[in-house]
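Here is the structure we will look at, set down as structure tokens.
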Amino acid sequence: MSPRTPSDQAVARHGWVQAVAVVLAGLVAMGVTAALGLWAADATGLPDGAFPRVVAATVVTAVGGTIELSGNAGDLADTSAGLTVIPLSVTLVGALVLAAGFLRPLRHRAVAGAQELAGWAARIAGLWLLGLIGLALAARQTFTISLGDDTLGELGDLFGASPKVGFKTDVPLTLVFGLLWLAGVLVLALLVSRRAPLPPRLLRFQESVRPAAYAMVVLLLAYVVLGIVIAVVTAATRGNAAQTLAVVLLGLPNLVWLAFTIGLGATWKGQVEGPFGLPMPQVLDEVLRGPDISTLNLSTLAEQDGRVWWLVAVDAVLLLAAAFLMAVRSPRRMRTWQHAVHLAVALALTVLMVCLLGRISAHYGLSVLGIGDLGGDLGGELFLRPELWPALGLALLWGLLAGFLGALLARPVRRRGQA
């Protein structure tokens, strides 16, 4: 037998046992976060012991999985329902845990072969797919919706038109999107970490890609931390601690990253109608609620609350800090215009990701004898989507300006010669 090389020993340190630990840690972290958020949202009282299944469905949607909603209201009535939303708090927790577990065996090394990295990622991906299959099969449930104790409820019981709505997972799509999500997390982890090794052929890209990717991740995490601080202050001064905790554990990035794009000048279109609503801040619900499609941007929000203009100042400060951080982590020989271009591209890609992940769509309706949707608590709609191309254009402009200024500020700071 030939003696084992240091590279062989490195491979042995991230085998199947380590892969099991990484996948379990990620799934448990996401499950606990989702369960605590749903508990704070008072979802433990769901009938038929549905709480664990709803937790599983929340984790599935957090990794891009598809949940299909179904409705049934007997022969005389019809129901329709749809839901598209990603609980980004759960997504973020899972991404951080999986990325840390993936990078841990690779630290303290400068270079790793493509075959080694692919093998390590493949072990995690195989076990991840098994975990997704289990979650997808567990995420299914049917509920009966009460029409009340009045005449409408009595008619529903008489004609067998009591509406039922359920959900189940589209397993094939969930596996495809869940695997793509995992691949994105692992690739981003390699791009962001300075200590993570790369194959020799990719080393020439690290000087331009890694500092910008790291700066964008820090920028997004800074918004999440700022959102947590605001949530804690809100809970302490205005009450509703349980509702605030539910928002933090389920959808805080959905709100703070939305605010980030609005601060850049981006515009979102949306509508809130019926029993649906956005839990916080209240100003979003006030702007979007109504029978017509509403515009959500700095101007419309400022009509409800003038403090919204502070979003521009927060964006400017944090973007400048991110640009400075990127420049400090870049080689000294890199020119100012290169810093500006790198940050502009990175910021545009970041805004694109936020716009794609931050979309929301929800609808539920009940019709009897083919006569429209019954209003009130039995029908409603909620959707929120961005105007994508103007948002990307604004991100490029902000990135060019912030990258240029950040490079100028970083000139007096001592930096290493090589990435």
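Residue numbers start at 1 in each chain; chains themselves are named A, B, ... in the order of the structure tokens; ligands are numbered from 1 in the order shown.
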Subject >> Shell around segment 345-350 of chain A at 12 Å using only C-alpha atoms, local window under 4 positions removed, as JSON, numbers by chain >> reply: {"A": [188, 191, 208, 209, 210, 211, 212, 213, 214, 215, 216, 217, 218, 219, 220, 257, 258, 260, 261, 264, 266, 315, 319, 320, 322, 323, 326, 338, 339, 340, 341, 354, 355, 356, 357, 358, 388, 389, 390, 391, 392, 393, 394, 395, 396, 397, 398, 399, 400, 401, 402, 403]}
Store the residues of this selection in a file with C-alpha atoms, as a compact mmCIF listing (two decimals), in the first residue's frame.
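Result saved to out.txt:
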```txt
# COMPACT_ATOMS: atom_id res chain seq x y z
CA LEU A 188 -21.55 31.09 -2.21
CA LEU A 191 -16.87 32.51 -2.79
CA SER A 208 -12.14 40.07 -8.04
CA VAL A 209 -14.96 37.83 -6.81
CA ARG A 210 -14.30 37.00 -3.16
CA PRO A 211 -14.04 40.54 -1.71
CA ALA A 212 -17.23 41.66 -3.46
CA ALA A 213 -19.17 38.51 -2.47
CA TYR A 214 -18.03 38.85 1.14
CA ALA A 215 -19.07 42.52 1.23
CA MET A 216 -22.56 41.71 -0.06
CA VAL A 217 -23.10 38.92 2.48
CA VAL A 218 -21.98 41.23 5.29
CA LEU A 219 -24.33 43.92 3.95
CA LEU A 220 -27.36 41.61 3.98
CA TRP A 257 -34.26 43.28 2.47
CA LEU A 258 -37.44 44.73 1.00
CA PHE A 260 -33.09 47.76 1.49
CA THR A 261 -34.30 47.74 -2.12
CA LEU A 264 -32.19 52.25 -3.25
CA ALA A 266 -36.80 50.39 -6.22
CA ASP A 315 -28.53 52.38 2.51
CA LEU A 319 -23.22 50.48 1.17
CA LEU A 320 -20.24 52.76 1.72
CA ALA A 322 -19.48 47.47 2.35
CA ALA A 323 -17.48 49.18 -0.41
CA MET A 326 -14.43 45.15 -0.21
CA GLN A 338 -12.29 48.20 -10.92
CA HIS A 339 -13.59 48.46 -7.36
CA ALA A 340 -16.58 50.44 -8.65
CA VAL A 341 -17.39 47.89 -11.36
CA VAL A 354 -33.74 39.80 -3.12
CA CYS A 355 -36.33 40.59 -5.80
CA LEU A 356 -36.70 36.94 -6.77
CA LEU A 357 -36.86 35.62 -3.21
CA GLY A 358 -39.01 38.44 -1.81
CA LEU A 388 -37.16 44.25 -11.69
CA TRP A 389 -35.26 46.12 -14.39
CA PRO A 390 -35.45 49.59 -12.81
CA ALA A 391 -34.30 48.06 -9.52
CA LEU A 392 -31.26 46.48 -11.20
CA GLY A 393 -30.41 49.74 -12.94
CA LEU A 394 -30.52 51.65 -9.66
CA ALA A 395 -28.35 48.98 -8.03
CA LEU A 396 -25.72 49.41 -10.74
CA LEU A 397 -25.66 53.19 -10.20
CA TRP A 398 -25.46 52.88 -6.41
CA GLY A 399 -22.74 50.24 -6.74
CA LEU A 400 -20.59 52.34 -9.06
CA LEU A 401 -20.77 55.38 -6.78
CA ALA A 402 -20.28 53.49 -3.52
CA GLY A 403 -17.48 51.35 -4.97
```
Subject >> Contact residues around Val256 of chain A with only C-alpha atoms at 9 Å, ignoring same-chain residues under 6 positions, as a ChimeraX atom specification >> reply: /A:220,223-224,226-227
Original post:
Can you list, as a ChimeraX atom specification, every protein, DNA or RNA residue that comes within 10 Å of Thr169 of chain A when you count only C-alpha atoms, leaving out same-chain residues fewer than 5 positions away?
Top reply: /A:56-57,60-61,65-69,133,135-141,174
Restrict the selected residues to N, CA, C and O atoms and save them as a PDB file, in the first residue's frame.
```
ATOM      1  N   ALA A  56     -42.904  21.129   8.826  1.00  0.00           N
ATOM      2  CA  ALA A  56     -42.221  20.497   7.694  1.00  0.00           C
ATOM      3  C   ALA A  56     -42.460  21.278   6.405  1.00  0.00           C
ATOM      4  O   ALA A  56     -41.540  21.478   5.604  1.00  0.00           O
ATOM      5  N   ALA A  57     -43.695  21.741   6.199  1.00  0.00           N
ATOM      6  CA  ALA A  57     -43.999  22.517   4.996  1.00  0.00           C
ATOM      7  C   ALA A  57     -43.236  23.835   4.988  1.00  0.00           C
ATOM      8  O   ALA A  57     -42.787  24.304   3.923  1.00  0.00           O
ATOM      9  N   VAL A  60     -39.737  23.126   3.922  1.00  0.00           N
ATOM     10  CA  VAL A  60     -39.715  22.822   2.487  1.00  0.00           C
ATOM     11  C   VAL A  60     -39.751  24.111   1.664  1.00  0.00           C
ATOM     12  O   VAL A  60     -38.978  24.284   0.713  1.00  0.00           O
ATOM     13  N   THR A  61     -40.639  25.024   2.008  1.00  0.00           N
ATOM     14  CA  THR A  61     -40.721  26.275   1.249  1.00  0.00           C
ATOM     15  C   THR A  61     -39.483  27.138   1.468  1.00  0.00           C
ATOM     16  O   THR A  61     -39.116  27.928   0.589  1.00  0.00           O
ATOM     17  N   GLY A  65     -38.806  24.700  -2.055  1.00  0.00           N
ATOM     18  CA  GLY A  65     -39.754  23.648  -2.383  1.00  0.00           C
ATOM     19  C   GLY A  65     -41.121  24.194  -2.731  1.00  0.00           C
ATOM     20  O   GLY A  65     -41.467  25.335  -2.411  1.00  0.00           O
ATOM     21  N   THR A  66     -41.911  23.360  -3.390  1.00  0.00           N
ATOM     22  CA  THR A  66     -43.228  23.766  -3.870  1.00  0.00           C
ATOM     23  C   THR A  66     -44.321  23.088  -3.048  1.00  0.00           C
ATOM     24  O   THR A  66     -44.349  21.864  -2.929  1.00  0.00           O
ATOM     25  N   ILE A  67     -45.211  23.900  -2.475  1.00  0.00           N
ATOM     26  CA  ILE A  67     -46.370  23.406  -1.735  1.00  0.00           C
ATOM     27  C   ILE A  67     -47.614  23.655  -2.578  1.00  0.00           C
ATOM     28  O   ILE A  67     -47.882  24.784  -2.990  1.00  0.00           O
ATOM     29  N   GLU A  68     -48.367  22.596  -2.856  1.00  0.00           N
ATOM     30  CA  GLU A  68     -49.600  22.714  -3.622  1.00  0.00           C
ATOM     31  C   GLU A  68     -50.785  22.793  -2.670  1.00  0.00           C
ATOM     32  O   GLU A  68     -50.926  21.974  -1.762  1.00  0.00           O
ATOM     33  N   LEU A  69     -51.628  23.800  -2.878  1.00  0.00           N
ATOM     34  CA  LEU A  69     -52.846  23.956  -2.082  1.00  0.00           C
ATOM     35  C   LEU A  69     -54.026  23.399  -2.862  1.00  0.00           C
ATOM     36  O   LEU A  69     -54.124  23.569  -4.080  1.00  0.00           O
ATOM     37  N   ILE A 133     -36.773  14.416   0.984  1.00  0.00           N
ATOM     38  CA  ILE A 133     -37.834  13.448   0.695  1.00  0.00           C
ATOM     39  C   ILE A 133     -38.682  13.215   1.946  1.00  0.00           C
ATOM     40  O   ILE A 133     -39.920  13.183   1.887  1.00  0.00           O
ATOM     41  N   LEU A 135     -39.099  15.241   4.523  1.00  0.00           N
ATOM     42  CA  LEU A 135     -39.891  16.437   4.806  1.00  0.00           C
ATOM     43  C   LEU A 135     -41.051  16.579   3.833  1.00  0.00           C
ATOM     44  O   LEU A 135     -42.165  16.941   4.223  1.00  0.00           O
ATOM     45  N   ALA A 136     -40.797  16.293   2.554  1.00  0.00           N
ATOM     46  CA  ALA A 136     -41.845  16.442   1.544  1.00  0.00           C
ATOM     47  C   ALA A 136     -42.998  15.480   1.788  1.00  0.00           C
ATOM     48  O   ALA A 136     -44.171  15.836   1.610  1.00  0.00           O
ATOM     49  N   LEU A 137     -42.696  14.266   2.202  1.00  0.00           N
ATOM     50  CA  LEU A 137     -43.759  13.298   2.469  1.00  0.00           C
ATOM     51  C   LEU A 137     -44.530  13.650   3.741  1.00  0.00           C
ATOM     52  O   LEU A 137     -45.714  13.309   3.870  1.00  0.00           O
ATOM     53  N   ALA A 138     -43.865  14.313   4.678  1.00  0.00           N
ATOM     54  CA  ALA A 138     -44.537  14.681   5.931  1.00  0.00           C
ATOM     55  C   ALA A 138     -45.370  15.944   5.792  1.00  0.00           C
ATOM     56  O   ALA A 138     -46.289  16.175   6.590  1.00  0.00           O
ATOM     57  N   ALA A 139     -45.082  16.782   4.811  1.00  0.00           N
ATOM     58  CA  ALA A 139     -45.742  18.084   4.684  1.00  0.00           C
ATOM     59  C   ALA A 139     -47.027  17.956   3.878  1.00  0.00           C
ATOM     60  O   ALA A 139     -47.088  18.327   2.700  1.00  0.00           O
ATOM     61  N   ARG A 140     -48.073  17.424   4.496  1.00  0.00           N
ATOM     62  CA  ARG A 140     -49.390  17.351   3.844  1.00  0.00           C
ATOM     63  C   ARG A 140     -50.473  17.298   4.909  1.00  0.00           C
ATOM     64  O   ARG A 140     -50.330  16.632   5.933  1.00  0.00           O
ATOM     65  N   GLN A 141     -51.554  18.031   4.682  1.00  0.00           N
ATOM     66  CA  GLN A 141     -52.632  18.125   5.668  1.00  0.00           C
ATOM     67  C   GLN A 141     -53.855  18.730   5.009  1.00  0.00           C
ATOM     68  O   GLN A 141     -53.750  19.483   4.034  1.00  0.00           O
ATOM     69  N   THR A 174     -39.760  19.895  -5.496  1.00  0.00           N
ATOM     70  CA  THR A 174     -39.086  20.200  -4.244  1.00  0.00           C
ATOM     71  C   THR A 174     -37.658  19.681  -4.250  1.00  0.00           C
ATOM     72  O   THR A 174     -36.726  20.361  -3.794  1.00  0.00           O
TER      73      THR A 174
END
```
Shell around Phe51 of chain A at 10 Å using only C-alpha atoms, local window under 4 positions removed, as a short mmCIF file (atom, residue, chain, number, x, y, z; two decimals) with N, CA, C and O atoms, in the first residue's frame:
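selection36.cif, freshly written:
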```cif
data_model
loop_
_atom_site.label_atom_id
_atom_site.label_comp_id
_atom_site.auth_asym_id
_atom_site.auth_seq_id
_atom_site.Cartn_x
_atom_site.Cartn_y
_atom_site.Cartn_z
N ALA A 35 -40.36 26.01 13.88
CA ALA A 35 -41.29 25.62 14.95
C ALA A 35 -41.48 26.76 15.94
O ALA A 35 -42.61 27.05 16.37
N LEU A 38 -43.61 29.52 14.26
CA LEU A 38 -45.02 29.13 14.16
C LEU A 38 -45.68 29.08 15.54
O LEU A 38 -46.86 29.40 15.68
N TRP A 39 -44.91 28.65 16.54
CA TRP A 39 -45.44 28.67 17.91
C TRP A 39 -45.75 30.10 18.35
O TRP A 39 -46.80 30.36 18.94
N ALA A 43 -49.66 28.90 16.02
CA ALA A 43 -50.06 27.83 15.11
C ALA A 43 -50.13 26.48 15.79
O ALA A 43 -50.48 25.49 15.14
N THR A 44 -49.83 26.42 17.08
CA THR A 44 -49.89 25.13 17.78
C THR A 44 -51.32 24.65 17.96
O THR A 44 -51.54 23.47 18.24
N GLY A 45 -52.31 25.53 17.82
CA GLY A 45 -53.70 25.14 17.99
C GLY A 45 -54.35 24.60 16.73
O GLY A 45 -55.57 24.42 16.71
N LEU A 46 -53.58 24.34 15.69
CA LEU A 46 -54.16 23.79 14.47
C LEU A 46 -54.78 22.43 14.74
O LEU A 46 -54.24 21.64 15.52
N PRO A 47 -55.90 22.11 14.10
CA PRO A 47 -56.61 20.85 14.38
C PRO A 47 -55.84 19.64 13.84
O PRO A 47 -54.97 19.76 12.99
N VAL A 55 -44.81 22.70 10.18
CA VAL A 55 -43.38 22.97 10.35
C VAL A 55 -42.59 22.38 9.18
O VAL A 55 -41.71 23.03 8.60
N ALA A 56 -42.90 21.13 8.83
CA ALA A 56 -42.22 20.50 7.69
C ALA A 56 -42.46 21.28 6.40
O ALA A 56 -41.54 21.48 5.60
N ALA A 57 -43.69 21.74 6.20
CA ALA A 57 -44.00 22.52 5.00
C ALA A 57 -43.24 23.83 4.99
O ALA A 57 -42.79 24.30 3.92
N GLN A 141 -51.55 18.03 4.68
CA GLN A 141 -52.63 18.12 5.67
C GLN A 141 -53.85 18.73 5.01
O GLN A 141 -53.75 19.48 4.03
#
```
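Atom CA of Gly134 of chain A lies 16.1 Å from atom CA of Ala50 of chain A.
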**OP:** Work out how far apart atom CA of Ile124 of chain A and atom CA of Ala19 of chain A are and give it in Å to one decimal.
**Re:**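 About the pair atom CA of Ile124 of chain A and atom CA of Ala19 of chain A: they are 5.2 Å apart.
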Subject >> Distance query Leu298 of chain A at most 7 Å, only C-alpha atoms, self and fewer than 6 positions along chain excluded, as a count of residues only >> reply: 4
Original post:
Looking only at the backbone, which of the residues in segment 276-345 of chain A does DSSP tag as alpha helix (DSSP H), as a PyMOL selection string?
Top reply: chain A and resi 282-288+298-304+310-329+336-345
**OP:** Compile the contact shell of segment 303-305 of chain A as a list in words: residues with an atom at most 8 Å away, counting only C-alpha atoms, same-chain residues fewer than 2 positions apart removed.
**Re:**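 What passes the distance filter is Val283, Glu286, Val287, Ser299, Thr300, Leu301, Arg307 and Val308 of chain A.
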